[in-house]
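Quick look at upload17.cif (mmCIF, C-alpha atoms):
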data_query
loop_
_atom_site.label_atom_id
_atom_site.label_comp_id
_atom_site.auth_asym_id
_atom_site.auth_seq_id
_atom_site.Cartn_x
_atom_site.Cartn_y
_atom_site.Cartn_z
CA MET I 887 5.27 -6.08 29.37
CA THR I 888 4.15 -6.75 25.81
CA LEU I 889 5.73 -5.40 22.65
CA ALA I 890 2.67 -3.23 22.15
CA GLU I 891 3.20 -1.61 25.55
CA THR I 892 6.94 -1.05 25.31
CA ASP I 893 7.76 -0.20 21.69
CA THR I 894 5.02 2.14 20.56
CA ALA I 895 2.94 5.07 21.71
CA PHE I 896 -0.04 3.59 19.86
CA PRO I 897 -0.80 0.30 21.65
CA GLN I 898 -3.29 -2.31 20.51
CA PRO I 899 -6.70 -0.76 21.33
CA TRP I 900 -8.42 -4.12 21.92
CA LEU I 901 -7.48 -7.70 22.54
CA PRO I 902 -6.45 -9.32 19.24
CA ARG I 903 -7.57 -12.78 18.25
CA GLU I 904 -4.00 -14.07 18.19
CA ASN I 905 -0.76 -12.94 19.76
CA VAL I 906 0.98 -11.78 16.57
CA ARG I 907 2.59 -8.37 16.37
CA ILE I 908 4.17 -6.14 13.73
CA THR I 909 7.83 -5.54 14.52
CA ASP I 910 8.98 -3.41 11.58
CA ILE I 911 8.05 -1.76 8.30
CA ARG I 912 10.58 -0.67 5.69
CA ALA I 913 10.98 0.18 2.03
CA ILE I 914 12.92 -1.74 -0.61
CA VAL I 915 13.70 0.34 -3.70
CA THR I 916 15.00 -1.23 -6.89
CA ALA I 917 15.04 -0.46 -10.62
CA PRO I 918 15.70 -3.62 -12.67
CA GLU I 919 14.24 -1.93 -15.78
CA GLY I 920 15.57 1.53 -14.89
CA ILE I 921 12.17 2.47 -13.43
CA PRO I 922 12.22 2.99 -9.64
CA LEU I 923 9.94 0.47 -7.90
CA VAL I 924 9.10 0.83 -4.20
CA VAL I 925 8.11 -2.25 -2.22
CA VAL I 926 7.14 -2.18 1.46
CA ARG I 927 8.02 -5.08 3.73
CA VAL I 928 6.13 -5.59 7.00
CA ASP I 929 7.75 -7.96 9.52
CA THR I 930 6.13 -9.71 12.48
CA ASP I 931 7.38 -11.43 15.62
CA GLN I 932 6.49 -14.83 14.12
CA PRO I 933 9.46 -16.48 12.37
CA GLY I 934 9.08 -16.39 8.60
CA LEU I 935 5.85 -14.36 8.71
CA TYR I 936 6.15 -11.12 6.72
CA GLY I 937 4.37 -9.42 3.86
CA TYR I 938 5.10 -7.27 0.82
CA GLY I 939 3.12 -4.50 -0.85
CA CYS I 940 3.55 -2.00 -3.69
CA ALA I 941 4.22 1.67 -2.90
CA THR I 942 5.56 2.70 -6.29
CA PHE I 943 5.32 6.42 -7.05
CA THR I 944 8.14 6.40 -9.59
CA GLN I 945 8.56 10.14 -9.99
CA ARG I 946 8.71 10.90 -6.23
CA TRP I 947 9.86 7.62 -4.71
CA LYS I 948 12.18 9.24 -2.16
CA ALA I 949 9.23 11.11 -0.68
CA VAL I 950 7.32 7.82 -0.23
CA VAL I 951 10.30 6.24 1.53
CA ALA I 952 10.52 9.24 3.88
CA PHE I 953 6.77 9.08 4.56
CA LEU I 954 7.13 5.50 5.79
CA GLU I 955 9.19 6.79 8.73
CA HIS I 956 6.03 8.49 9.96
CA VAL I 957 4.09 5.25 9.53
CA ARG I 958 6.44 3.01 11.56
CA PRO I 959 5.45 4.14 15.07
CA LEU I 960 1.77 3.84 14.19
CA VAL I 961 1.96 0.15 13.32
CA ILE I 962 4.82 -1.38 15.34
CA GLY I 963 3.37 -3.51 18.09
CA ARG I 964 -0.04 -3.77 16.40
CA TYR I 965 -1.87 -6.93 15.33
CA PRO I 966 -1.47 -7.34 11.51
CA GLY I 967 -4.95 -8.77 11.04
CA ASP I 968 -6.63 -5.42 11.75
CA ILE I 969 -6.08 -4.24 8.19
CA ASP I 970 -8.87 -1.67 7.97
CA ASP I 971 -8.10 -0.13 11.34
CA LEU I 972 -4.39 0.15 10.60
CA THR I 973 -4.88 1.70 7.18
CA ARG I 974 -7.47 4.15 8.52
CA LEU I 975 -5.06 5.05 11.29
CA VAL I 976 -2.29 5.86 8.83
CA ARG I 977 -4.66 7.78 6.59
CA PHE I 978 -6.32 9.96 9.21
CA THR I 979 -3.56 10.66 11.73
CA GLY I 980 -1.71 12.83 9.21
CA TYR I 981 -4.70 15.22 9.33
CA TRP I 982 -4.07 16.47 5.77
CA ARG I 983 -4.77 13.37 3.76
CA GLU I 984 -4.80 11.99 0.24
CA GLY I 985 -2.25 12.58 -2.48
CA PRO I 986 0.13 10.15 -4.20
CA VAL I 987 2.93 10.23 -1.61
CA GLY I 988 0.85 9.33 1.43
CA ASN I 989 -1.41 6.99 -0.47
CA ASN I 990 1.50 5.03 -1.91
CA ALA I 991 2.99 4.55 1.55
CA LEU I 992 -0.47 3.51 2.75
CA SER I 993 -0.79 1.11 -0.19
CA GLY I 994 2.51 -0.58 0.64
CA LEU I 995 1.27 -1.25 4.18
CA ASP I 996 -2.19 -2.34 3.03
CA MET I 997 -0.99 -4.84 0.44
CA ALA I 998 1.67 -6.21 2.82
CA LEU I 999 -0.97 -6.83 5.49
CA TRP I 1000 -3.08 -8.75 2.97
CA ASP I 1001 0.01 -10.78 2.07
CA ILE I 1002 0.47 -11.64 5.75
CA ALA I 1003 -3.22 -12.48 6.11
CA GLY I 1004 -3.05 -14.88 3.18
CA LYS I 1005 0.06 -16.56 4.55
CA ARG I 1006 -1.53 -16.99 7.98
CA ALA I 1007 -4.63 -18.50 6.41
CA GLY I 1008 -2.64 -20.63 3.96
CA MET I 1009 -4.66 -19.12 1.10
CA PRO I 1010 -4.00 -16.90 -1.93
CA VAL I 1011 -5.38 -13.41 -1.41
CA TYR I 1012 -8.01 -13.81 -4.12
CA GLU I 1013 -9.67 -16.56 -2.06
CA MET I 1014 -9.84 -14.17 0.88
CA PHE I 1015 -11.67 -11.75 -1.43
CA GLY I 1016 -14.41 -14.32 -1.93
CA GLY I 1017 -12.91 -16.55 -4.61
CA ARG I 1018 -12.94 -16.44 -8.38
CA VAL I 1019 -15.75 -15.41 -10.67
CA ARG I 1020 -13.45 -16.02 -13.69
CA ALA I 1021 -10.38 -18.14 -14.36
CA ALA I 1022 -7.96 -15.37 -15.37
CA ALA I 1023 -7.72 -11.74 -16.47
CA ASP I 1024 -7.60 -10.84 -20.15
CA THR I 1025 -4.94 -8.19 -20.83
CA TYR I 1026 -3.79 -5.60 -23.30
CA LEU I 1027 -0.24 -4.63 -24.21
CA HIS I 1028 1.13 -1.52 -25.93
CA ALA I 1029 1.99 -1.39 -29.64
CA GLU I 1030 3.99 1.60 -30.75
CA GLY I 1031 5.98 2.86 -33.71
CA ALA I 1032 7.35 6.00 -35.28
CA ASP I 1033 4.80 5.63 -38.11
CA VAL I 1034 1.61 3.71 -38.74
CA GLU I 1035 3.41 0.85 -40.49
CA ALA I 1036 5.73 0.30 -37.52
CA THR I 1037 2.85 0.41 -35.02
CA THR I 1038 0.86 -2.04 -37.12
CA ALA I 1039 3.82 -4.42 -37.30
CA HIS I 1040 4.26 -4.26 -33.53
CA ALA I 1041 0.56 -4.91 -33.00
CA ARG I 1042 0.75 -7.91 -35.32
CA GLU I 1043 3.60 -9.36 -33.21
CA LEU I 1044 1.56 -8.96 -30.01
CA ILE I 1045 -1.47 -10.62 -31.58
CA ALA I 1046 0.70 -13.52 -32.74
CA ALA I 1047 1.84 -13.93 -29.13
CA GLY I 1048 -1.77 -14.30 -27.97
CA GLN I 1049 -3.02 -10.77 -27.30
CA ARG I 1050 -6.65 -10.07 -28.14
CA HIS I 1051 -6.46 -6.42 -27.02
CA VAL I 1052 -3.74 -3.96 -28.09
CA ARG I 1053 -3.21 -0.29 -27.29
CA ILE I 1054 -1.93 1.57 -30.35
CA GLN I 1055 0.17 4.77 -30.32
CA VAL I 1056 2.09 6.44 -33.15
CA GLY I 1057 4.98 8.88 -33.23
CA GLN I 1058 4.62 12.58 -33.88
CA ARG I 1059 7.01 15.46 -34.38
CA GLY I 1060 8.06 17.18 -31.19
CA THR I 1061 9.10 16.22 -27.68
CA GLY I 1062 5.53 15.84 -26.51
CA HIS I 1063 4.82 12.59 -28.35
CA TYR I 1064 3.46 9.93 -25.99
CA GLY I 1065 3.78 6.16 -26.05
CA ALA I 1066 5.75 5.98 -29.30
CA PRO I 1067 9.08 7.11 -30.75
CA PRO I 1068 9.17 10.68 -32.12
CA LEU I 1069 9.24 11.47 -35.82
CA PRO I 1070 12.28 13.38 -37.09
CA GLY I 1071 11.96 17.06 -37.86
CA GLU I 1072 11.06 20.21 -36.01
CA PHE I 1073 8.91 23.26 -36.62
CA ALA I 1074 11.26 25.85 -38.09
CA TRP I 1075 8.65 28.58 -37.68
CA ALA I 1076 7.95 27.88 -34.00
CA LYS I 1077 9.21 29.65 -30.89
CA HIS I 1078 9.72 26.14 -29.46
CA ALA I 1079 10.90 24.11 -32.46
CA ALA I 1080 10.35 20.74 -30.76
CA GLY I 1081 6.80 21.64 -29.78
CA TRP I 1082 3.80 19.31 -29.79
CA ARG I 1083 0.83 20.30 -31.98
CA VAL I 1084 -2.60 19.09 -30.97
CA GLU I 1085 -3.81 19.71 -34.55
CA ASP I 1086 -1.32 17.15 -35.87
CA TYR I 1087 -2.37 14.67 -33.19
CA LEU I 1088 -6.07 14.96 -34.07
CA VAL I 1089 -5.23 14.12 -37.71
CA ALA I 1090 -2.63 11.40 -37.08
CA THR I 1091 -4.61 9.31 -34.58
CA PRO I 1092 -7.62 8.52 -36.81
CA ARG I 1093 -5.19 7.68 -39.63
CA LEU I 1094 -3.44 5.24 -37.29
CA PHE I 1095 -6.72 3.52 -36.40
CA ALA I 1096 -7.81 3.35 -40.03
CA HIS I 1097 -4.54 1.71 -41.08
CA VAL I 1098 -4.39 -0.78 -38.20
CA ARG I 1099 -8.02 -1.79 -38.61
CA GLU I 1100 -7.61 -2.28 -42.36
CA GLU I 1101 -4.44 -4.33 -41.92
CA LEU I 1102 -5.44 -6.42 -38.88
CA GLY I 1103 -9.19 -6.68 -39.32
CA ASP I 1104 -11.93 -6.79 -36.72
CA GLY I 1105 -10.57 -9.71 -34.71
CA VAL I 1106 -8.54 -7.51 -32.36
CA GLU I 1107 -9.73 -4.90 -29.88
CA LEU I 1108 -7.91 -1.56 -30.22
CA LEU I 1109 -7.28 0.91 -27.40
CA HIS I 1110 -5.62 4.32 -27.27
CA ASP I 1111 -4.23 6.69 -24.61
CA VAL I 1112 -4.67 10.43 -25.16
CA HIS I 1113 -2.62 11.23 -22.03
CA SER I 1114 -4.86 14.05 -20.84
CA ARG I 1115 -3.94 16.68 -23.42
CA LEU I 1116 -7.25 17.64 -25.01
CA SER I 1117 -9.93 20.19 -24.29
CA PRO I 1118 -13.50 18.86 -23.93
CA SER I 1119 -14.41 19.85 -27.49
CA GLN I 1120 -11.20 18.32 -28.87
CA ALA I 1121 -11.93 15.13 -26.96
CA VAL I 1122 -15.36 14.87 -28.56
CA THR I 1123 -13.87 15.54 -31.99
CA LEU I 1124 -11.33 12.75 -31.53
CA THR I 1125 -13.81 10.15 -30.29
CA ARG I 1126 -16.21 10.89 -33.14
CA THR I 1127 -13.50 10.52 -35.77
CA LEU I 1128 -12.44 7.22 -34.19
CA GLU I 1129 -15.97 5.76 -34.09
CA PRO I 1130 -15.75 3.93 -37.46
CA TYR I 1131 -12.78 1.91 -36.13
CA ARG I 1132 -14.60 0.71 -33.00
CA PRO I 1133 -12.09 1.44 -30.20
CA PHE I 1134 -12.42 -0.74 -27.12
CA PHE I 1135 -11.83 2.47 -25.18
CA VAL I 1136 -10.07 5.82 -25.43
CA GLU I 1137 -8.15 6.70 -22.29
CA ASP I 1138 -7.57 9.92 -20.34
CA VAL I 1139 -9.14 12.36 -22.76
CA LEU I 1140 -9.07 15.18 -20.17
CA ALA I 1141 -6.63 16.29 -17.48
CA PRO I 1142 -7.82 15.78 -13.88
CA GLU I 1143 -8.22 19.54 -13.51
CA HIS I 1144 -11.08 19.26 -16.02
CA TRP I 1145 -12.73 16.06 -14.81
CA HIS I 1146 -15.81 18.06 -13.85
CA ARG I 1147 -16.48 18.18 -17.61
CA LEU I 1148 -16.01 14.46 -18.26
CA GLY I 1149 -19.74 13.87 -18.11
CA GLU I 1150 -20.43 16.08 -21.12
CA VAL I 1151 -17.60 14.43 -23.07
CA ARG I 1152 -18.85 10.96 -22.26
CA ARG I 1153 -22.42 11.84 -23.25
CA ALA I 1154 -21.21 13.17 -26.60
CA SER I 1155 -18.70 10.39 -27.23
CA PRO I 1156 -19.72 7.44 -29.40
CA VAL I 1157 -16.90 5.28 -27.98
CA PRO I 1158 -16.17 4.12 -24.40
CA ILE I 1159 -14.14 6.46 -22.18
CA ALA I 1160 -11.53 5.21 -19.67
CA VAL I 1161 -10.21 7.58 -17.00
CA GLY I 1162 -8.66 7.39 -13.53
CA GLU I 1163 -4.92 6.82 -13.88
CA LEU I 1164 -4.29 10.24 -12.33
CA ALA I 1165 -6.74 9.82 -9.44
CA THR I 1166 -4.81 10.31 -6.21
CA SER I 1167 -7.53 9.47 -3.73
CA PHE I 1168 -10.25 6.90 -3.23
CA THR I 1169 -12.89 9.63 -3.23
CA ASP I 1170 -11.73 11.13 -6.56
CA ALA I 1171 -11.84 7.70 -8.18
CA ALA I 1172 -15.21 6.94 -6.61
CA ARG I 1173 -16.62 10.23 -7.91
CA LEU I 1174 -15.77 9.21 -11.48
CA VAL I 1175 -17.91 6.12 -11.01
CA ARG I 1176 -20.76 7.61 -8.95
CA GLU I 1177 -21.25 10.54 -11.32
CA HIS I 1178 -21.24 8.26 -14.38
CA GLN I 1179 -18.29 10.05 -15.96
CA VAL I 1180 -16.48 6.93 -17.24
CA ASP I 1181 -17.09 3.57 -18.84
CA TYR I 1182 -13.83 2.10 -17.51
CA LEU I 1183 -12.12 3.04 -14.24
CA ARG I 1184 -8.33 3.22 -14.77
CA ALA I 1185 -7.04 3.80 -11.23
CA HIS I 1186 -3.44 3.09 -10.21
CA LEU I 1187 -3.91 0.90 -7.12
CA SER I 1188 -1.17 2.42 -4.99
CA ASP I 1189 -2.20 6.01 -5.77
CA VAL I 1190 -5.68 5.45 -4.35
CA GLY I 1191 -4.39 3.78 -1.18
CA GLY I 1192 -3.97 0.10 -2.02
CA VAL I 1193 -5.95 -3.02 -2.76
CA SER I 1194 -8.48 -2.44 0.06
CA ALA I 1195 -9.52 0.88 -1.50
CA ALA I 1196 -9.59 -0.69 -4.96
CA ARG I 1197 -11.85 -3.50 -3.70
CA ARG I 1198 -14.39 -0.91 -2.62
CA LEU I 1199 -14.09 0.83 -5.98
CA ALA I 1200 -14.71 -2.47 -7.77
CA VAL I 1201 -17.90 -3.01 -5.75
CA LEU I 1202 -19.05 0.52 -6.55
CA ALA I 1203 -18.23 -0.01 -10.23
CA ASP I 1204 -20.30 -3.20 -10.23
CA ILE I 1205 -23.27 -1.33 -8.74
CA GLU I 1206 -23.01 1.51 -11.27
CA GLY I 1207 -22.35 -0.59 -14.38
CA VAL I 1208 -18.76 0.60 -14.82
CA ARG I 1209 -15.88 -1.74 -15.70
CA THR I 1210 -12.41 -1.81 -14.17
CA ALA I 1211 -9.16 -1.52 -16.13
CA TRP I 1212 -6.50 -1.10 -13.44
CA HIS I 1213 -3.40 0.87 -14.43
CA SER I 1214 -0.40 -1.50 -14.44
CA PRO I 1215 2.50 -0.61 -16.77
CA GLY I 1216 6.23 -0.87 -16.02
CA ASP I 1217 5.97 1.61 -13.16
CA ALA I 1218 3.90 -0.83 -11.12
CA SER I 1219 5.76 -3.51 -9.18
CA PRO I 1220 4.91 -7.22 -9.53
CA PHE I 1221 3.03 -6.94 -6.22
CA ALA I 1222 0.72 -4.35 -7.76
CA VAL I 1223 0.13 -6.71 -10.68
CA ALA I 1224 -0.71 -9.55 -8.29
CA ALA I 1225 -3.12 -7.32 -6.38
CA ALA I 1226 -4.81 -6.10 -9.57
CA VAL I 1227 -5.28 -9.64 -10.84
CA ALA I 1228 -6.71 -10.74 -7.49
CA LEU I 1229 -9.34 -8.05 -7.98
CA ASP I 1230 -9.85 -8.96 -11.64
CA VAL I 1231 -10.67 -12.58 -10.98
CA THR I 1232 -12.94 -11.86 -8.00
CA SER I 1233 -14.95 -8.88 -9.31
CA PRO I 1234 -17.95 -9.02 -11.67
CA ALA I 1235 -16.99 -5.46 -12.73
CA PHE I 1236 -13.77 -6.55 -14.46
CA GLY I 1237 -13.30 -5.13 -17.94
CA ILE I 1238 -9.66 -5.50 -19.01
CA GLN I 1239 -6.22 -5.53 -17.36
CA GLU I 1240 -3.28 -3.48 -18.58
CA GLY I 1241 -0.19 -5.65 -18.92
CA HIS I 1242 3.56 -5.28 -19.08
CA VAL I 1243 6.23 -7.79 -20.10
CA TYR I 1244 8.96 -7.49 -17.45
CA ASN I 1245 12.61 -8.21 -18.22
CA GLU I 1246 14.67 -11.09 -16.83
CA GLN I 1247 16.24 -8.89 -14.17
CA THR I 1248 12.81 -8.11 -12.72
CA HIS I 1249 12.06 -11.83 -12.49
CA GLU I 1250 15.37 -12.27 -10.68
CA VAL I 1251 14.43 -9.64 -8.09
CA PHE I 1252 10.84 -10.87 -7.66
CA PRO I 1253 10.76 -14.69 -7.76
CA GLY I 1254 7.23 -16.02 -8.05
CA MET I 1255 5.86 -13.04 -10.01
CA ILE I 1256 3.12 -13.80 -12.50
CA ASP I 1257 3.54 -13.46 -16.27
CA ILE I 1258 1.21 -12.96 -19.22
CA VAL I 1259 0.63 -16.25 -21.03
CA ASP I 1260 -1.37 -16.21 -24.28
CA GLY I 1261 -2.76 -12.82 -23.29
CA TRP I 1262 -3.92 -13.99 -19.84
CA LEU I 1263 -2.78 -13.16 -16.32
CA THR I 1264 -3.60 -15.92 -13.83
CA PRO I 1265 -3.16 -15.39 -10.07
CA ASN I 1266 -0.75 -17.41 -7.97
CA ASP I 1267 -2.24 -20.17 -5.86
CA ALA I 1268 0.50 -19.80 -3.21
CA PRO I 1269 -0.51 -18.20 0.11
CA GLY I 1270 -0.60 -14.40 0.08
CA TRP I 1271 0.65 -12.87 -3.15
CA GLY I 1272 2.99 -15.81 -3.74
CA ILE I 1273 5.91 -13.48 -4.57
CA GLU I 1274 9.21 -12.97 -2.78
CA VAL I 1275 11.92 -10.29 -2.97
CA ASP I 1276 15.57 -11.24 -3.47
CA GLU I 1277 17.13 -8.26 -1.71
CA GLU I 1278 20.64 -9.09 -2.90
CA ALA I 1279 19.39 -9.01 -6.50
CA ALA I 1280 17.37 -5.84 -5.79
CA ALA I 1281 20.52 -4.10 -4.55
CA ARG I 1282 22.23 -4.77 -7.89
CA PHE I 1283 19.69 -2.46 -9.55
CA PRO I 1284 19.78 0.76 -7.52
CA ALA I 1285 17.20 3.41 -8.29
CA GLY I 1286 18.09 6.90 -9.41
CA LEU I 1287 15.79 9.85 -9.79
CA SER I 1288 13.11 9.35 -12.41
CA GLY I 1289 13.89 10.74 -15.84
CA HIS I 1290 10.28 11.87 -16.12
CA ASP I 1291 11.05 15.36 -14.78
CA ALA I 1292 13.54 16.20 -17.53
CA TRP I 1293 11.19 14.90 -20.22
CA ALA I 1294 8.07 16.60 -18.83
CA ALA I 1295 9.80 19.99 -18.69
CA LYS I 1296 10.27 19.82 -22.46
CA VAL I 1297 6.66 18.99 -23.35
CA ARG I 1298 5.60 22.33 -24.78
CA ALA I 1299 3.46 23.77 -27.54
CA PRO I 1300 5.13 25.42 -30.55
CA ASP I 1301 4.71 28.79 -28.82
CA GLY I 1302 6.66 27.53 -25.79
CA ALA I 1303 3.76 27.04 -23.37
CA LEU I 1304 4.15 24.06 -21.04
CA ILE I 1305 1.78 21.16 -21.72
CA ALA I 1306 0.92 18.80 -18.89
CA PRO I 1307 2.46 15.47 -19.94
#
Target encoding structure tokens, full file:
Amino acid sequence: MTLAETDTAFPQPWLPRENVRITDIRAIVTAPEGIPLVVVRVDTDQPGLYGYGCATFTQRWKAVVAFLEHVRPLVIGRYPGDIDDLTRLVRFTGYWREGPVGNNALSGLDMALWDIAGKRAGMPVYEMFGGRVRAAADTYLHAEGADVEATTAHARELIAAGQRHVRIQVGQRGTGHYGAPPLPGEFAWAKHAAGWRVEDYLVATPRLFAHVREELGDGVELLHDVHSRLSPSQAVTLTRTLEPYRPFFVEDVLAPEHWHRLGEVRRASPVPIAVGELATSFTDAARLVREHQVDYLRAHLSDVGGVSAARRLAVLADIEGVRTAWHSPGDASPFAVAAAVALDVTSPAFGIQEGHVYNEQTHEVFPGMIDIVDGWLTPNDAPGWGIEVDEEAAARFPAGLSGHDAWAAKVRAPDGALIAP
């Protein structure tokens, strides 16, 4: 009897092209920068043939690991080349579908199967996507500081290192500051003294752009992340006050609960709008593109189900005249970076790629990972993703629970009302 007949209740439904079978799927969790990263490994019955994929949902990583136990019996004994069938199987057999937990588990499987496919073909994954339409992906990094002078100095350092695009954030009083250190001082008159005031934010952000543009000139593209904390009218106010400083884009102006109003914000905004980081399904991300609600799609690859889903989104974006700007900060594993760059160099819809400079410990855990050089990310030419996992090194950096929960619980207005972080 075959492995498919003996080890699973879900046998191969048709005769595969080759006699290769999946024998196991498991999670590897590590935190070399203190941020929990989840990587899925898929093994086969062929010696040395295995694949890796990103399943990183930092804030709920234990739930993703548990979800993979439900995935194992669906894929063990199956042919790894049937990527679409296997990912559809995992997605639909749960009946209630979508959401970041299930989609991250699905993403880990999906990316690992593409890794295996590339290794079997002896080709990097980007060649299996049709080959390059550009040599490399231009990136942006984050400049931050407690005040405008510190942010400007940080941006100047990044530009000197080769960046042509820089996201700028500045500190603000209160726990709710985002992307930059907080300013000292609290609101003595407030019910919640460490509260975050949207009025202060709407004044401070244009001042930041004015200072950075005056100091650094027009030779750098400037980006900014609102982090979903504005009303539609506040979002329009912000984008109009930023217009003189020519932002490359302004990100996440509205929370996902209010995405139905993104269209009116975009129509009234004189600067490009980037949204999608909080999309937790392929269909939600696709709706942003189809309904012309964004200029840049900012999806997190593993939250929408993996690189296969993102490929379809890139095609849709190309059709609709939208650009991609895949989410890829420190809470994306090096496999997610490799997958995003494979899409970047093969899609005409590419706009910009978010970047992150990983520490030495991350390089130790993930030998072969790609780095930003002079502002560019260039894909590996090794088969598959071209990245390995040193599990002994990974074990030296065990993951704890994300600190995001404790921080998010403190993000409140001066009156004490919780603000979605």
Could you tell me which residues the PyMOL selection byres ((chain I and resi 904) around 10) grabs in this file, written as a ChimeraX atom specification? /I:901-903,905-907,965-967
Do a neighbour search on I:His1051 at 10 Å with only C-alpha atoms, toss out local chain neighbours closer than 6 positions, and write the hits as a VMD selection string. chain I and resid 1024 to 1028 1041 1044 to 1045 1105 to 1109 1134 1238 to 1240 1261
In terms of the shortest atom-to-atom distance over only C-alpha atoms, which of I:Leu935, I:Val1297, I:Ala917, I:Ile1002 is closest to I:Arg1282? I:Ala917
Sorted per-residue table, stretch 1053-1118 of chain I near stretch 1152-1170 of chain I, closest atoms and distance, 12 Å, only C-alpha atoms, as JSON lines:
{"residue": "I:Leu1108", "atom": "CA", "partner": "I:Val1157", "partner_atom": "CA", "distance": 11.5}
{"residue": "I:Leu1109", "atom": "CA", "partner": "I:Ala1160", "partner_atom": "CA", "distance": 9.8}
{"residue": "I:His1110", "atom": "CA", "partner": "I:Ala1160", "partner_atom": "CA", "distance": 9.7}
{"residue": "I:Asp1111", "atom": "CA", "partner": "I:Ala1160", "partner_atom": "CA", "distance": 8.9}
{"residue": "I:Val1112", "atom": "CA", "partner": "I:Ala1160", "partner_atom": "CA", "distance": 10.2}
{"residue": "I:His1113", "atom": "CA", "partner": "I:Glu1163", "partner_atom": "CA", "distance": 9.5}
{"residue": "I:Ser1114", "atom": "CA", "partner": "I:Val1161", "partner_atom": "CA", "distance": 9.2}
{"residue": "I:Pro1118", "atom": "CA", "partner": "I:Arg1152", "partner_atom": "CA", "distance": 9.7}
Atom CA of I:Asp1086 and atom CA of I:Trp1212 are how many Å apart?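 Between atom CA of I:Asp1086 and atom CA of I:Trp1212 the gap is 29.4 Å.
Between atom CA of I:Val928 and atom CA of I:Val961 there is a distance of 9.5 Å.
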Which residues of stretch 1177-1201 of chain I sit at most 12 Å from stretch 1218-1234 of chain I, using only C-alpha atoms? Give each one's shortest atom pair and distance in Å (one decimal place), in chain and ascending residue order, as JSON lines.
{"residue": "I:Arg1184", "atom": "CA", "partner": "I:Ala1226", "partner_atom": "CA", "distance": 11.2}
{"residue": "I:Ala1185", "atom": "CA", "partner": "I:Ala1226", "partner_atom": "CA", "distance": 10.3}
{"residue": "I:His1186", "atom": "CA", "partner": "I:Ala1218", "partner_atom": "CA", "distance": 8.4}
{"residue": "I:Leu1187", "atom": "CA", "partner": "I:Ala1222", "partner_atom": "CA", "distance": 7.0}
{"residue": "I:Ser1188", "atom": "CA", "partner": "I:Ala1222", "partner_atom": "CA", "distance": 7.6}
{"residue": "I:Asp1189", "atom": "CA", "partner": "I:Ala1218", "partner_atom": "CA", "distance": 10.6}
{"residue": "I:Gly1191", "atom": "CA", "partner": "I:Ala1222", "partner_atom": "CA", "distance": 11.6}
{"residue": "I:Gly1192", "atom": "CA", "partner": "I:Ala1222", "partner_atom": "CA", "distance": 8.6}
{"residue": "I:Val1193", "atom": "CA", "partner": "I:Ala1225", "partner_atom": "CA", "distance": 6.3}
{"residue": "I:Ser1194", "atom": "CA", "partner": "I:Ala1225", "partner_atom": "CA", "distance": 9.7}
{"residue": "I:Ala1195", "atom": "CA", "partner": "I:Leu1229", "partner_atom": "CA", "distance": 11.0}
{"residue": "I:Ala1196", "atom": "CA", "partner": "I:Leu1229", "partner_atom": "CA", "distance": 8.0}
{"residue": "I:Arg1197", "atom": "CA", "partner": "I:Leu1229", "partner_atom": "CA", "distance": 6.7}
{"residue": "I:Arg1198", "atom": "CA", "partner": "I:Leu1229", "partner_atom": "CA", "distance": 10.3}
{"residue": "I:Leu1199", "atom": "CA", "partner": "I:Leu1229", "partner_atom": "CA", "distance": 10.3}
{"residue": "I:Ala1200", "atom": "CA", "partner": "I:Ser1233", "partner_atom": "CA", "distance": 6.6}
{"residue": "I:Val1201", "atom": "CA", "partner": "I:Ser1233", "partner_atom": "CA", "distance": 7.5}
I'd like to see the residues matched by the PyMOL selection byres ((chain I and resi 915) around 8) on this file, and ideally I'd get them as a compact mmCIF listing (two decimals) with C-alpha atoms, in the coordinates of the input.
# COMPACT_ATOMS: atom_id res chain seq x y z
CA ALA I 913 10.98 0.18 2.03
CA ILE I 914 12.92 -1.74 -0.61
CA THR I 916 15.00 -1.23 -6.89
CA ALA I 917 15.04 -0.46 -10.62
CA PRO I 922 12.22 2.99 -9.64
CA LEU I 923 9.94 0.47 -7.90
CA VAL I 924 9.10 0.83 -4.20
CA VAL I 925 8.11 -2.25 -2.22
CA ALA I 1280 17.37 -5.84 -5.79
CA PRO I 1284 19.78 0.76 -7.52
CA ALA I 1285 17.20 3.41 -8.29
Write out as a PDB file with C-alpha atoms, keeping the file's coordinate frame which residues come within 10 Å of I:Leu1304 when counting all atoms listed in the file, dropping same-chain ones fewer than 3 positions away.
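Dumped everything to result_11.pdb:
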ATOM      1  CA  GLY I1062       5.530  15.840 -26.510  1.00  0.00           C
ATOM      2  CA  GLY I1081       6.800  21.640 -29.780  1.00  0.00           C
ATOM      3  CA  TRP I1082       3.800  19.310 -29.790  1.00  0.00           C
ATOM      4  CA  ALA I1294       8.070  16.600 -18.830  1.00  0.00           C
ATOM      5  CA  ALA I1295       9.800  19.990 -18.690  1.00  0.00           C
ATOM      6  CA  LYS I1296      10.270  19.820 -22.460  1.00  0.00           C
ATOM      7  CA  VAL I1297       6.660  18.990 -23.350  1.00  0.00           C
ATOM      8  CA  ARG I1298       5.600  22.330 -24.780  1.00  0.00           C
ATOM      9  CA  ALA I1299       3.460  23.770 -27.540  1.00  0.00           C
ATOM     10  CA  PRO I1300       5.130  25.420 -30.550  1.00  0.00           C
ATOM     11  CA  ASP I1301       4.710  28.790 -28.820  1.00  0.00           C
ATOM     12  CA  PRO I1307       2.460  15.470 -19.940  1.00  0.00           C
TER      13      PRO I1307
END
Looking at all atoms listed in the file, which of I:Glu1035, I:Ala1121, I:Ile1258, I:Gln1058 is the one that sits closest to I:Leu1102? I:Glu1035
